[in-house]
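Written out below as structure tokens is the structure these notes cover.
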Amino acid sequence: MNVFELADFAHRLKPIEPGTYKLWLNAVDPIGELAVSDIDKAQVTRYRMERLKPWGNWCSGTLKMRLASLQSIWNVGIGADLVKSNPWLGSGSDYTKSKRKYTQQSWNYFYEFHKDPMFLCIWHHGMRLGEIAGILPEEIVLNEEIPYFDLKHNKIRKLKNEESIRQVPIHPACRPFVNELKLHNSFSSYSPGEIWSRRLKRRTGYPAHSLRHNFINRMRKAGVEYSIAMRLVGHSPQGTTADYGDVFLEDLEQAVLKVGELQKLR
């Protein structure tokens with residue numbers, strides 16, 4: 001069995017998101033034709049040295065993700081008794097994945113996308129790209145006093161974590177456009193929204209995830225209370241009081257409206 005075959009077997013045995021499988025294939029590609037039995041600690045070191053570029057933390061982060069992908073593939077192989085040990089274990093611990101920083105841009109900067117449903121939904125709610133790009137029609141609830149997105153795992157994509165399962169009030173500026181959101185093709189080789197994000201970056205210089213950063217910055221400037229802010233974007237709040245009390249839909253709606261007032265931030 002070669003490495004490509006092991007990856008394919010692991011994918012069939014442990015279903016994963018298309019985007020994650022794409023990361024697996026990128027990681028496997030340089031060694032795909034090698035026999036699994038030939039992958040030892042020396043081969044792992046060679047893999048690391050040949051792919052570590054002197055271009056800073058961003059490339060180190062990419063290598064770290066690829067090593068993690070290979071470790072996952074081998075873990076599945078161990079569970080199926082196809083391999084006896086995992087030579088990739090701990091191989092990425094030396095590298096850091098740096099967080100990218102984005103310059104804060106105003107609403108007017110993205111003028112070409114002011115009527116784009118995907119842009120509006122991320123700009124006004126700070127959702128992750130996959131959350132809104134992989135949403136199903138039944139998760140868009142409009143027949144309630146406070147219309148909302150009912151974000152949960154579905155057949156198109158899984159959410160990042162349990163905190164990501166939430167209800168997000170729909171900003172009034174988005175309501176006329178939500179029914180124009182295009183359902184992602186679950187058979188596509190692309191992750192939900194990936195093609196759209198590439199188009200946004202080509203036209204503006206900023207990927208979709210920068211809009212989430214933009215929204216969180218505007219929440220801070222608007223003075224949105226911490227636990228409400230964390231619930232709105234699907235993060236787990238930290239601290240002793242994080243699990244106390246409730247955050248209601250009307251609280252989230254007020255936060256969304258408050259942040260929307262700052263959309264012309266310069």
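Letters A, B, ... mark the chains of the structure tokens in the order given; residue numbers begin at 1 per chain; ligand numbers begin at 1, in order shown.
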Find the spatial neighbours of Trp123 in chain A, counting only C-alpha atoms, within a cut-off of 10 Å - ignore same-chain residues fewer than 3 positions away - and output them as a PDB file with N, CA and C atoms, in the first residue's frame.
ATOM      1  N   TRP A 107     -17.014  50.355   5.087  1.00  0.00           N
ATOM      2  CA  TRP A 107     -18.123  49.852   4.267  1.00  0.00           C
ATOM      3  C   TRP A 107     -17.962  50.308   2.818  1.00  0.00           C
ATOM      4  N   HIS A 114     -21.922  45.713  -2.322  1.00  0.00           N
ATOM      5  CA  HIS A 114     -22.980  46.195  -1.442  1.00  0.00           C
ATOM      6  C   HIS A 114     -24.323  45.515  -1.666  1.00  0.00           C
ATOM      7  N   PRO A 117     -25.341  39.084  -1.608  1.00  0.00           N
ATOM      8  CA  PRO A 117     -25.905  38.436  -0.409  1.00  0.00           C
ATOM      9  C   PRO A 117     -24.845  37.858   0.524  1.00  0.00           C
ATOM     10  N   MET A 118     -23.822  37.228  -0.041  1.00  0.00           N
ATOM     11  CA  MET A 118     -22.790  36.623   0.796  1.00  0.00           C
ATOM     12  C   MET A 118     -22.028  37.697   1.566  1.00  0.00           C
ATOM     13  N   PHE A 119     -21.644  38.751   0.864  1.00  0.00           N
ATOM     14  CA  PHE A 119     -20.919  39.841   1.515  1.00  0.00           C
ATOM     15  C   PHE A 119     -21.750  40.451   2.635  1.00  0.00           C
ATOM     16  N   LEU A 120     -23.010  40.745   2.361  1.00  0.00           N
ATOM     17  CA  LEU A 120     -23.871  41.389   3.354  1.00  0.00           C
ATOM     18  C   LEU A 120     -24.022  40.538   4.606  1.00  0.00           C
ATOM     19  N   GLY A 126     -20.671  38.810  10.953  1.00  0.00           N
ATOM     20  CA  GLY A 126     -19.371  38.269  11.326  1.00  0.00           C
ATOM     21  C   GLY A 126     -19.275  36.762  11.249  1.00  0.00           C
ATOM     22  N   MET A 127     -20.138  36.130  10.462  1.00  0.00           N
ATOM     23  CA  MET A 127     -20.114  34.674  10.368  1.00  0.00           C
ATOM     24  C   MET A 127     -18.896  34.173   9.603  1.00  0.00           C
ATOM     25  N   HIS A 171     -29.781  40.922  10.161  1.00  0.00           N
ATOM     26  CA  HIS A 171     -29.805  42.382  10.084  1.00  0.00           C
ATOM     27  C   HIS A 171     -30.808  42.815   9.009  1.00  0.00           C
ATOM     28  N   CYS A 174     -29.957  42.828   5.372  1.00  0.00           N
ATOM     29  CA  CYS A 174     -29.732  41.543   4.705  1.00  0.00           C
ATOM     30  C   CYS A 174     -31.024  40.836   4.305  1.00  0.00           C
ATOM     31  N   ALA A 208     -12.550  36.539   2.462  1.00  0.00           N
ATOM     32  CA  ALA A 208     -13.789  36.574   3.247  1.00  0.00           C
ATOM     33  C   ALA A 208     -13.520  36.650   4.743  1.00  0.00           C
ATOM     34  N   SER A 210     -11.391  38.189   6.369  1.00  0.00           N
ATOM     35  CA  SER A 210     -11.072  39.542   6.834  1.00  0.00           C
ATOM     36  C   SER A 210     -12.348  40.273   7.265  1.00  0.00           C
ATOM     37  N   LEU A 211     -13.490  39.929   6.648  1.00  0.00           N
ATOM     38  CA  LEU A 211     -14.754  40.575   7.011  1.00  0.00           C
ATOM     39  C   LEU A 211     -15.178  40.185   8.421  1.00  0.00           C
ATOM     40  N   ARG A 212     -14.851  38.951   8.816  1.00  0.00           N
ATOM     41  CA  ARG A 212     -15.147  38.503  10.180  1.00  0.00           C
ATOM     42  C   ARG A 212     -14.303  39.308  11.175  1.00  0.00           C
ATOM     43  N   HIS A 213     -13.028  39.505  10.859  1.00  0.00           N
ATOM     44  CA  HIS A 213     -12.166  40.336  11.702  1.00  0.00           C
ATOM     45  C   HIS A 213     -12.723  41.755  11.781  1.00  0.00           C
ATOM     46  N   ASN A 214     -13.162  42.268  10.644  1.00  0.00           N
ATOM     47  CA  ASN A 214     -13.715  43.615  10.566  1.00  0.00           C
ATOM     48  C   ASN A 214     -14.920  43.748  11.504  1.00  0.00           C
ATOM     49  N   PHE A 215     -15.803  42.747  11.470  1.00  0.00           N
ATOM     50  CA  PHE A 215     -17.004  42.768  12.306  1.00  0.00           C
ATOM     51  C   PHE A 215     -16.647  42.750  13.787  1.00  0.00           C
ATOM     52  N   ILE A 216     -15.691  41.903  14.167  1.00  0.00           N
ATOM     53  CA  ILE A 216     -15.288  41.804  15.574  1.00  0.00           C
ATOM     54  C   ILE A 216     -14.676  43.119  16.046  1.00  0.00           C
ATOM     55  N   VAL A 259     -23.804  47.320  15.951  1.00  0.00           N
ATOM     56  CA  VAL A 259     -22.609  47.230  15.121  1.00  0.00           C
ATOM     57  C   VAL A 259     -22.892  47.791  13.733  1.00  0.00           C
ATOM     58  N   GLY A 260     -24.087  47.543  13.227  1.00  0.00           N
ATOM     59  CA  GLY A 260     -24.452  48.044  11.904  1.00  0.00           C
ATOM     60  C   GLY A 260     -24.377  49.545  11.794  1.00  0.00           C
ATOM     61  N   GLN A 263     -21.102  50.882  10.348  1.00  0.00           N
ATOM     62  CA  GLN A 263     -20.636  50.299   9.082  1.00  0.00           C
ATOM     63  C   GLN A 263     -19.852  51.279   8.228  1.00  0.00           C
TER      64      GLN A 263
END
Next on the checklist: Which of range 74-255 of chain A end up as strand (DSSP E) when DSSP is run on this backbone - answer as a list in words?
Outcome noted: Ile140, Val141, Tyr148, Phe149, Asp150, Leu151, Arg166, Gln167, Val168 and Pro169 of chain A
Writer output for current selection, C-alpha atoms, as a PDB file, in the first residue's frame:
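Contents of the output file again-v6.pdb:
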ATOM      1  CA  ILE A 140     -33.089  30.841   7.210  1.00  0.00           C
ATOM      2  CA  VAL A 141     -36.032  31.607   9.499  1.00  0.00           C
ATOM      3  CA  TYR A 148     -32.638  34.628  12.284  1.00  0.00           C
ATOM      4  CA  PHE A 149     -30.126  32.198  10.818  1.00  0.00           C
ATOM      5  CA  ASP A 150     -30.405  28.838  12.576  1.00  0.00           C
ATOM      6  CA  LEU A 151     -26.794  27.690  12.278  1.00  0.00           C
ATOM      7  CA  ARG A 166     -26.295  29.167  17.361  1.00  0.00           C
ATOM      8  CA  GLN A 167     -29.039  31.490  16.199  1.00  0.00           C
ATOM      9  CA  VAL A 168     -27.970  34.780  14.624  1.00  0.00           C
ATOM     10  CA  PRO A 169     -30.548  37.562  14.123  1.00  0.00           C
TER      11      PRO A 169
END
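Note that the spacing between CA of Glu131 in chain A and CA of Gly234 in chain A amounts to 10.3 Å.
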Checklist entry - Could you pull out all residues of range 72-223 of chain A with a DSSP call of alpha helix (DSSP H) and give them as a ChimeraX atom specification? => result /A:72-79,117-125,129-133,194-204,208-222
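Counting only C-alpha atoms, the residue from A:Lys41, A:Arg48, A:Leu142, A:Trp24 that sits nearest to Phe177 in chain A is A:Leu142.
Here CA of Glu225 in chain A and CA of Ile132 in chain A stand 23.8 Å from one another.
Each of A:Ile165, A:His125, A:Glu50, A:Ile146 was compared to Glu250 in chain A using only C-alpha atoms, and A:Ile146 turns out to be the nearest.
Summary of the local environment: counting only C-alpha atoms, residues at most 12 Å from Asp251 in chain A, other than itself and those fewer than 2 positions away along its chain, are Ile146, Gln167, Val168, Pro169, Val224, Glu225, Tyr226, Ser227, Ile228, Ala229, Arg231, Leu232, Asp246, Val247, Phe248, Leu249, Glu253, Gln254, Ala255, Val256, Leu257 and Lys258 of chain A.
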Next, write the just-selected residues to a file, as a PDB file, in the first residue's frame, keeping N, CA and C atoms as the atom set.
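Result file follows (again.pdb):
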ATOM      1  N   ILE A 146     -38.340  38.038  15.321  1.00  0.00           N
ATOM      2  CA  ILE A 146     -36.946  38.361  15.035  1.00  0.00           C
ATOM      3  C   ILE A 146     -36.434  37.313  14.049  1.00  0.00           C
ATOM      4  N   GLN A 167     -28.082  30.717  16.980  1.00  0.00           N
ATOM      5  CA  GLN A 167     -29.039  31.490  16.199  1.00  0.00           C
ATOM      6  C   GLN A 167     -28.514  32.921  16.092  1.00  0.00           C
ATOM      7  N   VAL A 168     -28.497  33.436  14.873  1.00  0.00           N
ATOM      8  CA  VAL A 168     -27.970  34.780  14.624  1.00  0.00           C
ATOM      9  C   VAL A 168     -29.071  35.636  14.006  1.00  0.00           C
ATOM     10  N   PRO A 169     -29.508  36.686  14.689  1.00  0.00           N
ATOM     11  CA  PRO A 169     -30.548  37.562  14.123  1.00  0.00           C
ATOM     12  C   PRO A 169     -30.112  38.148  12.786  1.00  0.00           C
ATOM     13  N   VAL A 224     -20.080  46.302  22.456  1.00  0.00           N
ATOM     14  CA  VAL A 224     -20.933  45.130  22.660  1.00  0.00           C
ATOM     15  C   VAL A 224     -20.376  44.303  23.814  1.00  0.00           C
ATOM     16  N   GLU A 225     -21.251  43.931  24.738  1.00  0.00           N
ATOM     17  CA  GLU A 225     -20.846  43.162  25.918  1.00  0.00           C
ATOM     18  C   GLU A 225     -20.197  41.846  25.495  1.00  0.00           C
ATOM     19  N   TYR A 226     -19.157  41.449  26.223  1.00  0.00           N
ATOM     20  CA  TYR A 226     -18.279  40.348  25.826  1.00  0.00           C
ATOM     21  C   TYR A 226     -19.028  39.045  25.560  1.00  0.00           C
ATOM     22  N   SER A 227     -19.876  38.596  26.485  1.00  0.00           N
ATOM     23  CA  SER A 227     -20.547  37.302  26.310  1.00  0.00           C
ATOM     24  C   SER A 227     -21.491  37.325  25.114  1.00  0.00           C
ATOM     25  N   ILE A 228     -22.100  38.474  24.848  1.00  0.00           N
ATOM     26  CA  ILE A 228     -22.980  38.606  23.677  1.00  0.00           C
ATOM     27  C   ILE A 228     -22.142  38.555  22.400  1.00  0.00           C
ATOM     28  N   ALA A 229     -21.007  39.239  22.416  1.00  0.00           N
ATOM     29  CA  ALA A 229     -20.124  39.230  21.247  1.00  0.00           C
ATOM     30  C   ALA A 229     -19.653  37.823  20.930  1.00  0.00           C
ATOM     31  N   ARG A 231     -21.101  34.947  21.724  1.00  0.00           N
ATOM     32  CA  ARG A 231     -22.221  34.138  21.238  1.00  0.00           C
ATOM     33  C   ARG A 231     -22.542  34.473  19.786  1.00  0.00           C
ATOM     34  N   LEU A 232     -22.463  35.743  19.458  1.00  0.00           N
ATOM     35  CA  LEU A 232     -22.814  36.179  18.109  1.00  0.00           C
ATOM     36  C   LEU A 232     -21.894  35.564  17.060  1.00  0.00           C
ATOM     37  N   ASP A 246     -28.017  33.854  30.655  1.00  0.00           N
ATOM     38  CA  ASP A 246     -28.469  33.508  29.318  1.00  0.00           C
ATOM     39  C   ASP A 246     -28.280  34.696  28.378  1.00  0.00           C
ATOM     40  N   VAL A 247     -28.088  34.374  27.118  1.00  0.00           N
ATOM     41  CA  VAL A 247     -28.051  35.390  26.065  1.00  0.00           C
ATOM     42  C   VAL A 247     -29.248  35.120  25.163  1.00  0.00           C
ATOM     43  N   PHE A 248     -30.149  36.073  25.083  1.00  0.00           N
ATOM     44  CA  PHE A 248     -31.380  35.893  24.335  1.00  0.00           C
ATOM     45  C   PHE A 248     -31.262  36.463  22.921  1.00  0.00           C
ATOM     46  N   LEU A 249     -32.172  36.023  22.054  1.00  0.00           N
ATOM     47  CA  LEU A 249     -32.142  36.454  20.662  1.00  0.00           C
ATOM     48  C   LEU A 249     -32.268  37.967  20.550  1.00  0.00           C
ATOM     49  N   GLU A 253     -29.879  40.609  18.692  1.00  0.00           N
ATOM     50  CA  GLU A 253     -30.402  41.531  17.687  1.00  0.00           C
ATOM     51  C   GLU A 253     -29.936  42.957  17.971  1.00  0.00           C
ATOM     52  N   GLN A 254     -30.000  43.376  19.231  1.00  0.00           N
ATOM     53  CA  GLN A 254     -29.563  44.717  19.586  1.00  0.00           C
ATOM     54  C   GLN A 254     -28.079  44.918  19.267  1.00  0.00           C
ATOM     55  N   ALA A 255     -27.289  43.860  19.484  1.00  0.00           N
ATOM     56  CA  ALA A 255     -25.860  43.944  19.185  1.00  0.00           C
ATOM     57  C   ALA A 255     -25.626  44.085  17.688  1.00  0.00           C
ATOM     58  N   VAL A 256     -26.333  43.294  16.891  1.00  0.00           N
ATOM     59  CA  VAL A 256     -26.197  43.358  15.433  1.00  0.00           C
ATOM     60  C   VAL A 256     -26.551  44.749  14.927  1.00  0.00           C
ATOM     61  N   LEU A 257     -27.632  45.319  15.441  1.00  0.00           N
ATOM     62  CA  LEU A 257     -28.052  46.652  15.014  1.00  0.00           C
ATOM     63  C   LEU A 257     -27.040  47.712  15.447  1.00  0.00           C
ATOM     64  N   LYS A 258     -26.502  47.542  16.639  1.00  0.00           N
ATOM     65  CA  LYS A 258     -25.534  48.501  17.167  1.00  0.00           C
ATOM     66  C   LYS A 258     -24.262  48.513  16.329  1.00  0.00           C
TER      67      LYS A 258
END
Write out as a PDB file with C-alpha atoms, in the first residue's frame each polymer residue whose atoms come within 10 Å of His11 in chain A, counting only C-alpha atoms; drop sequence neighbours fewer than 4 positions from it.
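This went into selection-v2.pdb:
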ATOM      1  CA  GLU A   5      -3.905   4.539  -1.035  1.00  0.00           C
ATOM      2  CA  LEU A   6      -3.672   4.929   2.731  1.00  0.00           C
ATOM      3  CA  ALA A   7      -5.104   8.452   2.500  1.00  0.00           C
ATOM      4  CA  PRO A  15     -15.650  10.778   6.416  1.00  0.00           C
ATOM      5  CA  ILE A  16     -14.333  14.338   6.576  1.00  0.00           C
ATOM      6  CA  GLU A  17     -15.197  17.677   5.027  1.00  0.00           C
ATOM      7  CA  PRO A  18     -14.105  18.203   1.373  1.00  0.00           C
ATOM      8  CA  THR A  20     -10.114  18.870   4.999  1.00  0.00           C
ATOM      9  CA  TYR A  21      -9.623  16.097   2.444  1.00  0.00           C
ATOM     10  CA  TRP A  24      -4.845  15.812   3.216  1.00  0.00           C
ATOM     11  CA  ILE A  73      -4.091   9.779   8.204  1.00  0.00           C
ATOM     12  CA  VAL A  76      -6.760   6.183  11.116  1.00  0.00           C
TER      13      VAL A  76
END
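Of the residues under consideration (A:Gly205, A:Gly19, A:Arg157, A:Asp38), A:Gly205 shows the shortest atom-to-atom contact distance to Thr103 in chain A when counting only C-alpha atoms.
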Checklist entry - Distance CA of Leu63 in chain A-CA of Gln43 in chain A, one decimal place? => result 15.1 Å
